[in-house]
$ cat input02.cif   # mmCIF, C-alpha atoms
data_query
#
loop_
_atom_site.group_PDB
_atom_site.id
_atom_site.type_symbol
_atom_site.label_atom_id
_atom_site.label_comp_id
_atom_site.auth_asym_id
_atom_site.auth_seq_id
_atom_site.Cartn_x
_atom_site.Cartn_y
_atom_site.Cartn_z
ATOM 1 C CA MET A 1372 -52.399 38.845 20.061
ATOM 2 C CA ALA A 1373 -51.007 41.222 17.440
ATOM 3 C CA ASP A 1374 -47.648 39.447 17.314
ATOM 4 C CA GLU A 1375 -49.415 36.176 16.405
ATOM 5 C CA ARG A 1376 -51.304 37.648 13.465
ATOM 6 C CA GLU A 1377 -51.260 35.433 10.365
ATOM 7 C CA LEU A 1378 -51.852 36.063 6.676
ATOM 8 C CA THR A 1379 -51.719 33.882 3.609
ATOM 9 C CA TYR A 1380 -48.795 34.236 1.221
ATOM 10 C CA ILE A 1381 -51.103 35.831 -1.358
ATOM 11 C CA GLY A 1382 -52.749 38.025 1.278
ATOM 12 C CA ALA A 1383 -49.322 39.426 2.099
ATOM 13 C CA VAL A 1384 -49.008 40.597 -1.523
ATOM 14 C CA ALA A 1385 -52.190 42.656 -1.211
ATOM 15 C CA GLU A 1386 -51.176 44.080 2.156
ATOM 16 C CA ALA A 1387 -47.690 44.977 0.958
ATOM 17 C CA SER A 1388 -49.088 46.639 -2.174
ATOM 18 C CA ARG A 1389 -51.551 48.661 -0.102
ATOM 19 C CA THR A 1390 -48.722 49.706 2.243
ATOM 20 C CA VAL A 1391 -46.627 50.915 -0.686
ATOM 21 C CA LEU A 1392 -49.496 52.941 -2.156
ATOM 22 C CA LEU A 1393 -50.121 54.601 1.202
ATOM 23 C CA GLU A 1394 -46.438 55.412 1.712
ATOM 24 C CA GLN A 1395 -45.675 56.619 -1.814
ATOM 25 C CA GLU A 1396 -48.052 59.055 -3.509
ATOM 26 C CA ASN A 1397 -46.345 58.516 -6.858
ATOM 27 C CA ALA A 1398 -46.740 54.713 -6.765
ATOM 28 C CA PHE A 1399 -49.318 52.834 -8.828
ATOM 29 C CA ILE A 1400 -50.110 49.243 -9.849
ATOM 30 C CA ALA A 1401 -50.588 48.167 -13.474
ATOM 31 C CA GLY A 1402 -51.176 44.812 -15.128
ATOM 32 C CA GLU A 1403 -53.709 42.463 -16.648
ATOM 33 C CA ASP A 1404 -56.864 42.153 -14.485
ATOM 34 C CA VAL A 1405 -55.263 43.813 -11.459
ATOM 35 C CA ALA A 1406 -58.101 46.319 -10.984
ATOM 36 C CA GLY A 1407 -61.588 44.959 -11.538
ATOM 37 C CA ALA A 1408 -60.691 41.333 -10.851
ATOM 38 C CA GLY A 1409 -58.090 42.052 -8.185
ATOM 39 C CA GLY A 1410 -55.535 39.971 -10.080
ATOM 40 C CA VAL A 1411 -55.920 36.485 -11.507
ATOM 41 C CA PHE A 1412 -54.620 35.036 -8.207
ATOM 42 C CA GLY A 1413 -56.371 37.605 -5.990
ATOM 43 C CA SER A 1414 -53.099 39.440 -5.346
ATOM 44 C CA TYR A 1415 -54.702 42.908 -5.327
ATOM 45 C CA ARG A 1416 -58.218 42.139 -4.139
ATOM 46 C CA GLY A 1417 -59.957 45.182 -2.613
ATOM 47 C CA ILE A 1418 -57.248 47.689 -3.528
ATOM 48 C CA LEU A 1419 -59.191 49.286 -6.419
ATOM 49 C CA ASP A 1420 -62.009 50.332 -4.087
ATOM 50 C CA GLU A 1421 -59.558 52.153 -1.845
ATOM 51 C CA PHE A 1422 -57.279 53.816 -4.379
ATOM 52 C CA GLY A 1423 -59.321 54.150 -7.579
ATOM 53 C CA ASP A 1424 -58.602 53.457 -11.233
ATOM 54 C CA GLN A 1425 -55.932 56.149 -11.563
ATOM 55 C CA ARG A 1426 -53.610 54.139 -9.310
ATOM 56 C CA ILE A 1427 -54.836 50.592 -10.026
ATOM 57 C CA VAL A 1428 -54.713 50.228 -13.790
ATOM 58 C CA ASP A 1429 -55.980 47.335 -15.917
ATOM 59 C CA THR A 1430 -53.795 47.057 -19.008
ATOM 60 C CA PRO A 1431 -54.265 45.429 -22.409
ATOM 61 C CA ILE A 1432 -52.994 41.857 -22.807
ATOM 62 C CA SER A 1433 -49.486 42.962 -23.768
ATOM 63 C CA GLU A 1434 -46.581 42.104 -21.486
ATOM 64 C CA GLU A 1435 -44.250 44.206 -23.615
ATOM 65 C CA GLY A 1436 -46.605 47.141 -23.164
ATOM 66 C CA ILE A 1437 -46.826 46.585 -19.399
ATOM 67 C CA ILE A 1438 -43.049 46.552 -18.964
ATOM 68 C CA GLY A 1439 -42.670 49.508 -21.332
ATOM 69 C CA LEU A 1440 -45.225 51.417 -19.255
ATOM 70 C CA GLY A 1441 -43.219 50.642 -16.128
ATOM 71 C CA VAL A 1442 -39.908 51.757 -17.630
ATOM 72 C CA GLY A 1443 -41.330 54.997 -18.978
ATOM 73 C CA ALA A 1444 -43.239 55.818 -15.801
ATOM 74 C CA ALA A 1445 -40.232 55.134 -13.568
ATOM 75 C CA ALA A 1446 -37.871 57.180 -15.744
ATOM 76 C CA THR A 1447 -40.214 60.172 -15.480
ATOM 77 C CA GLY A 1448 -40.582 60.179 -11.708
ATOM 78 C CA LEU A 1449 -43.210 57.584 -10.745
ATOM 79 C CA ARG A 1450 -42.717 54.359 -8.796
ATOM 80 C CA PRO A 1451 -44.714 51.661 -10.600
ATOM 81 C CA ILE A 1452 -45.569 48.165 -9.446
ATOM 82 C CA VAL A 1453 -46.203 46.153 -12.609
ATOM 83 C CA ASP A 1454 -47.681 42.682 -12.575
ATOM 84 C CA ILE A 1455 -46.663 40.007 -15.074
ATOM 85 C CA MET A 1456 -49.225 37.276 -14.502
ATOM 86 C CA PHE A 1457 -46.933 34.317 -15.218
ATOM 87 C CA MET A 1458 -43.149 34.379 -15.288
ATOM 88 C CA ASP A 1459 -43.344 32.339 -18.499
ATOM 89 C CA PHE A 1460 -44.612 35.495 -20.233
ATOM 90 C CA MET A 1461 -41.277 37.260 -19.682
ATOM 91 C CA GLY A 1462 -40.340 36.030 -23.136
ATOM 92 C CA GLU A 1463 -42.896 38.480 -24.544
ATOM 93 C CA CYS A 1464 -41.094 41.452 -23.024
ATOM 94 C CA MET A 1465 -37.466 40.362 -22.732
ATOM 95 C CA ASP A 1466 -36.218 43.114 -25.033
ATOM 96 C CA GLU A 1467 -37.773 45.740 -22.759
ATOM 97 C CA ILE A 1468 -36.320 43.985 -19.707
ATOM 98 C CA ALA A 1469 -32.830 43.178 -21.010
ATOM 99 C CA ASN A 1470 -32.128 46.160 -23.256
ATOM 100 C CA GLN A 1471 -34.075 48.982 -21.615
ATOM 101 C CA MET A 1472 -34.949 48.350 -17.976
ATOM 102 C CA ALA A 1473 -31.648 46.691 -17.047
ATOM 103 C CA LYS A 1474 -29.422 49.157 -18.875
ATOM 104 C CA MET A 1475 -31.069 52.579 -18.822
ATOM 105 C CA ARG A 1476 -29.633 53.777 -15.509
ATOM 106 C CA TYR A 1477 -26.139 52.640 -16.531
ATOM 107 C CA MET A 1478 -26.327 54.184 -20.012
ATOM 108 C CA PHE A 1479 -27.512 57.528 -18.606
ATOM 109 C CA GLY A 1480 -24.649 57.630 -16.126
ATOM 110 C CA GLY A 1481 -26.941 57.187 -13.149
ATOM 111 C CA SER A 1482 -28.985 60.290 -13.910
ATOM 112 C CA ALA A 1483 -32.109 58.205 -14.556
ATOM 113 C CA SER A 1484 -33.584 56.200 -11.700
ATOM 114 C CA LEU A 1485 -35.800 53.223 -12.451
ATOM 115 C CA PRO A 1486 -37.724 52.384 -9.258
ATOM 116 C CA ILE A 1487 -39.808 49.593 -10.818
ATOM 117 C CA THR A 1488 -41.173 46.635 -8.882
ATOM 118 C CA VAL A 1489 -42.144 43.689 -11.101
ATOM 119 C CA ILE A 1490 -44.329 41.073 -9.407
ATOM 120 C CA THR A 1491 -44.684 37.726 -11.138
ATOM 121 C CA MET A 1492 -45.592 34.086 -10.474
ATOM 122 C CA SER A 1493 -43.380 31.062 -11.091
ATOM 123 C CA GLY A 1494 -43.364 27.340 -10.428
ATOM 124 C CA GLY A 1495 -45.457 24.276 -11.100
ATOM 125 C CA GLY A 1496 -47.597 21.946 -9.081
ATOM 126 C CA ILE A 1497 -51.085 23.099 -10.060
ATOM 127 C CA ASN A 1498 -51.329 21.469 -13.498
ATOM 128 C CA MET A 1499 -50.986 24.580 -15.624
ATOM 129 C CA ALA A 1500 -48.718 22.879 -18.159
ATOM 130 C CA ALA A 1501 -45.448 23.797 -19.814
ATOM 131 C CA GLN A 1502 -46.214 27.426 -20.735
ATOM 132 C CA HIS A 1503 -47.475 28.476 -17.290
ATOM 133 C CA SER A 1504 -45.302 26.549 -14.816
ATOM 134 C CA GLN A 1505 -41.673 27.485 -15.405
ATOM 135 C CA SER A 1506 -39.083 28.843 -12.967
ATOM 136 C CA LEU A 1507 -37.011 31.271 -15.027
ATOM 137 C CA GLU A 1508 -35.308 33.342 -12.335
ATOM 138 C CA ALA A 1509 -31.860 32.566 -13.783
ATOM 139 C CA TRP A 1510 -32.841 34.543 -16.908
ATOM 140 C CA ILE A 1511 -33.353 37.694 -14.854
ATOM 141 C CA CYS A 1512 -30.439 37.182 -12.458
ATOM 142 C CA HIS A 1513 -28.076 37.073 -15.442
ATOM 143 C CA LEU A 1514 -28.844 40.704 -16.365
ATOM 144 C CA PRO A 1515 -26.704 43.380 -14.646
ATOM 145 C CA GLY A 1516 -28.910 46.242 -13.476
ATOM 146 C CA LEU A 1517 -31.742 44.100 -12.126
ATOM 147 C CA LYS A 1518 -32.421 42.760 -8.643
ATOM 148 C CA VAL A 1519 -34.353 39.553 -7.968
ATOM 149 C CA VAL A 1520 -35.997 38.233 -4.809
ATOM 150 C CA ALA A 1521 -37.904 34.976 -4.220
ATOM 151 C CA PRO A 1522 -39.780 34.882 -0.893
ATOM 152 C CA SER A 1523 -40.658 31.580 0.745
ATOM 153 C CA THR A 1524 -42.994 32.880 3.471
ATOM 154 C CA ALA A 1525 -45.819 35.378 3.850
ATOM 155 C CA TYR A 1526 -43.587 37.429 6.160
ATOM 156 C CA ASP A 1527 -40.902 37.714 3.495
ATOM 157 C CA VAL A 1528 -43.465 38.455 0.766
ATOM 158 C CA LYS A 1529 -44.586 41.620 2.504
ATOM 159 C CA GLY A 1530 -41.141 42.720 3.644
ATOM 160 C CA LEU A 1531 -39.469 42.135 0.300
ATOM 161 C CA ILE A 1532 -42.186 43.887 -1.725
ATOM 162 C CA ILE A 1533 -41.896 46.954 0.511
ATOM 163 C CA SER A 1534 -38.093 46.875 0.202
ATOM 164 C CA ALA A 1535 -38.361 46.507 -3.581
ATOM 165 C CA SER A 1536 -40.700 49.493 -3.814
ATOM 166 C CA ARG A 1537 -38.229 51.705 -1.947
ATOM 167 C CA ASP A 1538 -35.269 50.733 -4.138
ATOM 168 C CA ASP A 1539 -34.299 53.042 -7.003
ATOM 169 C CA ASN A 1540 -33.473 50.072 -9.254
ATOM 170 C CA PRO A 1541 -35.747 47.532 -10.948
ATOM 171 C CA VAL A 1542 -36.583 44.668 -8.598
ATOM 172 C CA PHE A 1543 -38.321 41.442 -9.649
ATOM 173 C CA VAL A 1544 -40.372 39.789 -6.929
ATOM 174 C CA VAL A 1545 -40.741 36.162 -8.022
ATOM 175 C CA LEU A 1546 -43.632 34.532 -6.170
ATOM 176 C CA ASN A 1547 -44.563 30.851 -6.151
ATOM 177 C CA LYS A 1548 -48.027 29.694 -7.220
ATOM 178 C CA LEU A 1549 -48.160 26.579 -5.045
ATOM 179 C CA SER A 1550 -47.363 28.677 -1.952
ATOM 180 C CA LEU A 1551 -50.264 31.112 -2.327
ATOM 181 C CA ARG A 1552 -52.464 29.628 0.422
ATOM 182 C CA ASN A 1553 -49.635 29.004 2.900
ATOM 183 C CA ARG A 1554 -50.153 30.938 6.113
ATOM 184 C CA GLY A 1555 -47.578 32.602 8.310
ATOM 185 C CA HIS A 1556 -46.856 35.359 10.791
ATOM 186 C CA VAL A 1557 -47.092 38.832 9.206
ATOM 187 C CA PRO A 1558 -46.983 42.007 11.334
ATOM 188 C CA GLU A 1559 -49.656 44.582 10.530
ATOM 189 C CA GLU A 1560 -47.224 47.485 10.513
ATOM 190 C CA SER A 1561 -44.891 48.367 7.660
ATOM 191 C CA TYR A 1562 -41.514 46.604 7.734
ATOM 192 C CA THR A 1563 -38.764 45.595 5.322
ATOM 193 C CA VAL A 1564 -36.700 42.494 4.608
ATOM 194 C CA PRO A 1565 -33.305 43.683 3.300
ATOM 195 C CA LEU A 1566 -32.377 42.847 -0.274
ATOM 196 C CA GLY A 1567 -29.250 40.717 -0.451
ATOM 197 C CA GLU A 1568 -29.626 39.124 2.988
ATOM 198 C CA ALA A 1569 -30.161 35.378 3.399
ATOM 199 C CA ASN A 1570 -31.832 33.770 6.408
ATOM 200 C CA VAL A 1571 -30.759 30.643 8.295
ATOM 201 C CA VAL A 1572 -34.141 29.039 8.956
ATOM 202 C CA ARG A 1573 -32.725 25.913 10.572
ATOM 203 C CA GLU A 1574 -29.374 25.457 12.309
ATOM 204 C CA GLY A 1575 -27.395 22.318 11.559
ATOM 205 C CA SER A 1576 -23.896 20.882 11.672
ATOM 206 C CA ASP A 1577 -23.696 18.025 9.157
ATOM 207 C CA VAL A 1578 -24.759 19.502 5.802
ATOM 208 C CA SER A 1579 -25.970 22.823 4.420
ATOM 209 C CA ILE A 1580 -29.072 22.968 2.224
ATOM 210 C CA VAL A 1581 -29.004 26.220 0.248
ATOM 211 C CA THR A 1582 -32.351 27.005 -1.317
ATOM 212 C CA TYR A 1583 -35.133 29.559 -1.907
ATOM 213 C CA SER A 1584 -38.837 30.002 -2.599
ATOM 214 C CA ARG A 1585 -41.076 26.933 -2.114
ATOM 215 C CA MET A 1586 -38.103 24.606 -1.879
ATOM 216 C CA VAL A 1587 -37.400 26.084 1.565
ATOM 217 C CA GLY A 1588 -40.450 24.239 2.873
ATOM 218 C CA GLU A 1589 -39.423 21.024 1.150
ATOM 219 C CA SER A 1590 -35.918 21.405 2.551
ATOM 220 C CA MET A 1591 -37.277 21.894 6.072
ATOM 221 C CA THR A 1592 -39.326 18.715 5.727
ATOM 222 C CA ALA A 1593 -36.250 16.907 4.453
ATOM 223 C CA ALA A 1594 -34.211 18.248 7.371
ATOM 224 C CA ASP A 1595 -36.762 16.876 9.859
ATOM 225 C CA THR A 1596 -36.554 13.441 8.210
ATOM 226 C CA LEU A 1597 -32.756 13.527 8.225
ATOM 227 C CA SER A 1598 -32.732 14.538 11.877
ATOM 228 C CA GLU A 1599 -34.641 11.361 12.779
ATOM 229 C CA ASN A 1600 -31.621 9.474 11.421
ATOM 230 C CA GLY A 1601 -29.054 11.548 13.285
ATOM 231 C CA ILE A 1602 -28.193 13.970 10.449
ATOM 232 C CA GLU A 1603 -28.561 17.650 11.315
ATOM 233 C CA ALA A 1604 -29.039 19.781 8.195
ATOM 234 C CA GLU A 1605 -28.738 23.542 8.157
ATOM 235 C CA VAL A 1606 -31.275 25.208 5.850
ATOM 236 C CA LEU A 1607 -30.334 28.564 4.334
ATOM 237 C CA ASP A 1608 -33.125 30.526 2.646
ATOM 238 C CA LEU A 1609 -31.462 32.860 0.153
ATOM 239 C CA ARG A 1610 -34.554 35.113 -0.183
ATOM 240 C CA SER A 1611 -32.546 37.434 -2.441
ATOM 241 C CA LEU A 1612 -31.092 35.912 -5.611
ATOM 242 C CA GLN A 1613 -29.568 39.073 -7.057
ATOM 243 C CA PRO A 1614 -27.770 40.389 -5.092
ATOM 244 C CA MET A 1615 -26.966 37.045 -3.493
ATOM 245 C CA ASP A 1616 -25.690 36.700 0.055
ATOM 246 C CA THR A 1617 -22.513 34.790 -0.773
ATOM 247 C CA GLU A 1618 -21.098 35.528 2.679
ATOM 248 C CA ALA A 1619 -23.959 33.664 4.364
ATOM 249 C CA ILE A 1620 -23.517 30.708 2.010
ATOM 250 C CA VAL A 1621 -19.798 30.517 2.695
ATOM 251 C CA GLU A 1622 -20.285 30.792 6.465
ATOM 252 C CA SER A 1623 -22.732 27.895 6.391
ATOM 253 C CA VAL A 1624 -20.387 25.775 4.279
ATOM 254 C CA LYS A 1625 -17.477 26.488 6.628
ATOM 255 C CA LYS A 1626 -19.642 25.206 9.459
ATOM 256 C CA THR A 1627 -20.905 21.971 7.852
ATOM 257 C CA GLN A 1628 -18.284 21.186 5.132
ATOM 258 C CA ARG A 1629 -20.989 19.740 2.874
ATOM 259 C CA VAL A 1630 -23.675 21.440 0.818
ATOM 260 C CA VAL A 1631 -26.673 20.608 -1.351
ATOM 261 C CA VAL A 1632 -28.188 23.368 -3.479
ATOM 262 C CA VAL A 1633 -31.909 22.966 -4.147
ATOM 263 C CA HIS A 1634 -34.204 24.793 -6.585
ATOM 264 C CA GLU A 1635 -37.375 24.015 -8.506
ATOM 265 C CA ALA A 1636 -35.937 25.337 -11.772
ATOM 266 C CA VAL A 1637 -34.350 23.021 -14.317
ATOM 267 C CA ARG A 1638 -31.050 21.799 -12.884
ATOM 268 C CA PHE A 1639 -28.980 22.461 -16.033
ATOM 269 C CA GLY A 1640 -28.084 26.149 -16.245
ATOM 270 C CA GLY A 1641 -29.937 26.956 -13.019
ATOM 271 C CA LEU A 1642 -28.697 29.083 -10.136
ATOM 272 C CA GLY A 1643 -27.364 25.962 -8.453
ATOM 273 C CA GLY A 1644 -24.391 25.987 -10.811
ATOM 274 C CA GLU A 1645 -23.583 29.614 -9.965
ATOM 275 C CA ILE A 1646 -23.881 28.939 -6.241
ATOM 276 C CA ALA A 1647 -21.613 25.898 -6.572
ATOM 277 C CA ALA A 1648 -19.048 28.010 -8.418
ATOM 278 C CA GLN A 1649 -19.085 30.681 -5.725
ATOM 279 C CA ILE A 1650 -18.606 28.036 -3.048
ATOM 280 C CA GLN A 1651 -15.602 26.508 -4.783
ATOM 281 C CA GLU A 1652 -14.091 29.975 -5.263
ATOM 282 C CA ASP A 1653 -14.570 31.146 -1.662
ATOM 283 C CA ALA A 1654 -14.828 27.993 0.457
ATOM 284 C CA PHE A 1655 -13.149 25.168 -1.458
ATOM 285 C CA ASP A 1656 -10.722 24.324 1.352
ATOM 286 C CA TYR A 1657 -13.623 23.746 3.744
ATOM 287 C CA LEU A 1658 -15.439 21.201 1.553
ATOM 288 C CA ASP A 1659 -15.320 17.529 2.493
ATOM 289 C CA ALA A 1660 -17.358 16.526 -0.573
ATOM 290 C CA PRO A 1661 -18.344 17.990 -3.938
ATOM 291 C CA VAL A 1662 -21.265 20.427 -4.023
ATOM 292 C CA ALA A 1663 -24.473 18.527 -4.829
ATOM 293 C CA ARG A 1664 -27.494 19.917 -6.668
ATOM 294 C CA VAL A 1665 -31.200 19.100 -6.744
ATOM 295 C CA GLY A 1666 -33.315 20.561 -9.527
ATOM 296 C CA ALA A 1667 -35.912 19.687 -12.137
ATOM 297 C CA PRO A 1668 -34.994 17.454 -15.098
ATOM 298 C CA PHE A 1669 -34.159 18.971 -18.472
ATOM 299 C CA SER A 1670 -37.711 18.855 -19.772
ATOM 300 C CA PRO A 1671 -40.749 21.114 -20.087
ATOM 301 C CA VAL A 1672 -43.071 20.935 -17.072
ATOM 302 C CA PRO A 1673 -45.599 18.119 -17.722
ATOM 303 C CA PHE A 1674 -49.354 18.764 -17.620
ATOM 304 C CA SER A 1675 -50.206 15.313 -16.265
ATOM 305 C CA PRO A 1676 -50.573 15.565 -12.455
ATOM 306 C CA VAL A 1677 -48.663 12.309 -11.927
ATOM 307 C CA LEU A 1678 -45.806 13.345 -14.200
ATOM 308 C CA GLU A 1679 -45.718 16.872 -12.774
ATOM 309 C CA GLN A 1680 -45.330 15.535 -9.242
ATOM 310 C CA ALA A 1681 -42.497 13.305 -10.431
ATOM 311 C CA TYR A 1682 -40.903 16.302 -12.166
ATOM 312 C CA ILE A 1683 -40.843 18.814 -9.301
ATOM 313 C CA PRO A 1684 -38.127 18.351 -6.650
ATOM 314 C CA ASN A 1685 -39.430 17.370 -3.219
ATOM 315 C CA ALA A 1686 -38.311 16.500 0.290
ATOM 316 C CA GLY A 1687 -37.736 12.848 -0.605
ATOM 317 C CA ARG A 1688 -35.304 13.734 -3.380
ATOM 318 C CA ILE A 1689 -33.471 16.129 -1.084
ATOM 319 C CA VAL A 1690 -33.108 13.422 1.573
ATOM 320 C CA THR A 1691 -31.776 11.000 -1.043
ATOM 321 C CA GLU A 1692 -29.226 13.533 -2.321
ATOM 322 C CA VAL A 1693 -28.034 14.364 1.192
ATOM 323 C CA ASN A 1694 -27.612 10.676 2.069
ATOM 324 C CA GLU A 1695 -25.685 10.009 -1.135
ATOM 325 C CA LEU A 1696 -23.462 13.011 -0.447
ATOM 326 C CA LEU A 1697 -22.687 11.898 3.094
ATOM 327 C CA ASN A 1698 -22.069 8.288 2.054
ATOM 328 C CA ALA A 1699 -19.692 9.405 -0.693
ATOM 329 C CA ALA A 1700 -17.667 11.631 1.577
#
$ encode --input "input02.cif" --output "structure tokens"
Amino acid sequence: MADERELTYIGAVAEASRTVLLEQENAFIAGEDVAGAGGVFGSYRGILDEFGDQRIVDTPISEEGIIGLGVGAAATGLRPIVDIMFMDFMGECMDEIANQMAKMRYMFGGSASLPITVITMSGGGINMAAQHSQSLEAWICHLPGLKVVAPSTAYDVKGLIISASRDDNPVFVVLNKLSLRNRGHVPEESYTVPLGEANVVREGSDVSIVTYSRMVGESMTAADTLSENGIEAEVLDLRSLQPMDTEAIVESVKKTQRVVVVHEAVRFGGLGGEIAAQIQEDAFDYLDAPVARVGAPFSPVPFSPVLEQAYIPNAGRIVTEVNELLNAA
């Protein structure tokens, strides 16, 4: 049946990109190996044959050039989708991102639109070492003028990419490498997932787990384990990191009175601290315990498979944190 149709997480990227190109005549895709190879992860496989090399453009190995191309093209009336192979490479083009892309619309008084969609890959778990495994979404979220989404499912991948492509501001779509082969329900027709709207993926009454990207799956596994011991956890998938759905977070906290924030990024300086601050500002009187956080240790991502698995947060660590939080309350 059509409503049971499934795609992989990475397949949803290709389908969303194709949908955007069909809907918007002035849209194009540019990045390293996106045309002939279909992307290093297969994100754009088959799209070159349909749309040709004027709309699917292989670029030189220059992230600064790719982002510069996107900024210039968007400012002059096009709607580019630019691919930055690994989020770690944002350091190569941070001046373009922070001082041009994020600020141009503001500095021109709104007269310049920048409808850029940046698609990139983050996260560890596949032994790609410290320079290809980072989760740096907090870098981008800190810059006024940019929007950031982090889908956890194939459904959200497609819907968020289409939403990003229709927005007149730069939107970063931060995908997760270890999720690429995950399968899920994805409608064939075009649809959107609104930017700035979180999703309660599991109802609960005892504790809220606020999370995003691949940690949604780990949190769901943790919630199942906790449920076996009589603890019902609510899992809130943020989906959109900037803008963030603070209202949904606060509503969940009001319901459960306890919260654990979970992300794969390094715990220190991660979004968990910002979320905790927003909770204490808007829902402090509802808390029965301090806000807890689960994140990676303050270390580069190890290459060793054993060390990498110990480094990345998982369901077991979430269960432990929830139990400690409840016991301390």
$ resolve_selection --input "input02.cif" --expression "the PyMOL selection byres ((chain A and resi 1444-1459) around 7)" --output "number ranges by chain"
A: 1397-1402, 1434, 1437, 1440-1443, 1460-1462, 1483-1493, 1502-1503, 1505, 1507
$ residues_around --input "input02.cif" --residues "A:Pro1673" --least-positions-apart "3" --cutoff "6 Å" --atoms "only C-alpha atoms" --output "NGL selection string"
:A and (1500 or 1678-1679)
$ closest_residue --input "input02.cif" --among "A:Arg1552, A:Arg1610, A:Lys1518, A:Arg1426" --to "A:Ile1381" --atoms "all atoms listed in the file"
A:Arg1552
$ resolve_selection --input "input02.cif" --expression "the PyMOL selection byres ((chain A and resi 1566) around 9)" --output "NGL selection string"
:A and (1518-1520 or 1531 or 1534-1535 or 1563-1565 or 1567-1569 or 1610-1615)
$ closest_residue --input "input02.cif" --among "A:Ala1469, A:Val1606, A:Val1542, A:Met1586" --to "A:Asn1570" --atoms "only C-alpha atoms"
A:Val1606
$ resolve_selection --input "input02.cif" --expression "the PyMOL selection byres ((chain A and resi 1623-1631) around 6)" --output "list in words"
Ser1576, Asp1577, Val1578, Ser1579, Ile1580, Ile1620, Val1621, Glu1622, Val1632, Tyr1657, Leu1658, Asp1659, Ala1660, Val1662, Ala1663 and Arg1664 of chain A
$ atom_distance --input "input02.cif" --atom1 "atom CA of A:Glu1599" --atom2 "atom CA of A:Thr1582"
21.2 Å
$ atom_distance --input "input02.cif" --atom1 "atom CA of A:Gly1417" --atom2 "atom CA of A:Glu1375"
23.5 Å
$ residues_near_point --input "input02.cif" --point "(-56.0, 33.9, 6.1)" --cutoff "12 Å" --atoms "all atoms listed in the file" --output "list in words"
Arg1376, Glu1377, Leu1378, Thr1379, Tyr1380, Ile1381, Gly1382, Ala1383, Glu1386, Ala1525, Leu1551, Arg1552, Asn1553, Arg1554, Gly1555, His1556 and Val1557 of chain A
$ atom_distance --input "input02.cif" --atom1 "atom CA of A:Ser1414" --atom2 "atom CA of A:Asn1498"
19.8 Å
$ axis_aligned_box --input "input02.cif" --around "stretch 1416-1419 of chain A" --padding-each-side "8 Å" --output "lines of an AutoDock Vina configuration file"
center_x = -58.6
center_y = 45.7
center_z = -4.5
size_x = 18.7
size_y = 23.1
size_z = 19.8
$ residues_around --input "input02.cif" --residues "A:Val1587" --least-positions-apart "4" --cutoff "12 Å" --atoms "only C-alpha atoms" --output "PyMOL selection string"
chain A and resi 1521-1524+1547+1550+1569-1573+1580-1583+1591-1594+1605-1610+1632-1635+1684-1686+1689
$ closest_residue --input "input02.cif" --among "A:Leu1642, A:Leu1517, A:Ile1497, A:Ile1602" --to "A:Met1475" --atoms "all atoms listed in the file"
A:Leu1517
$ closest_residue --input "input02.cif" --among "A:Ala1473, A:Gly1530, A:Val1405, A:Val1693" --to "A:Glu1559" --atoms "all atoms listed in the file"
A:Gly1530
$ residues_near_point --input "input02.cif" --point "(-45.6, 22.4, -7.7)" --cutoff "8 Å" --atoms "all atoms listed in the file" --output "list in words"
Gly1494, Gly1495, Gly1496, Ile1497, Lys1548, Leu1549, Glu1679, Gln1680 and Ile1683 of chain A
$ write_last_selection --input "input02.cif" --atoms "C-alpha atoms" --output "CSV table (one decimal), in the frame of the given file"
chain,number,residue,atom,x,y,z
A,1494,GLY,CA,-43.4,27.3,-10.4
A,1495,GLY,CA,-45.5,24.3,-11.1
A,1496,GLY,CA,-47.6,21.9,-9.1
A,1497,ILE,CA,-51.1,23.1,-10.1
A,1548,LYS,CA,-48.0,29.7,-7.2
A,1549,LEU,CA,-48.2,26.6,-5.0
A,1679,GLU,CA,-45.7,16.9,-12.8
A,1680,GLN,CA,-45.3,15.5,-9.2
A,1683,ILE,CA,-40.8,18.8,-9.3
$ closest_residue --input "input02.cif" --among "A:Ser1561, A:Leu1514, A:Glu1435, A:Gln1649" --to "A:Phe1543" --atoms "only C-alpha atoms"
A:Leu1514
$ closest_residue --input "input02.cif" --among "A:Glu1508, A:Glu1574, A:Gly1516, A:Val1384" --to "A:Asn1470" --atoms "all atoms listed in the file"
A:Gly1516
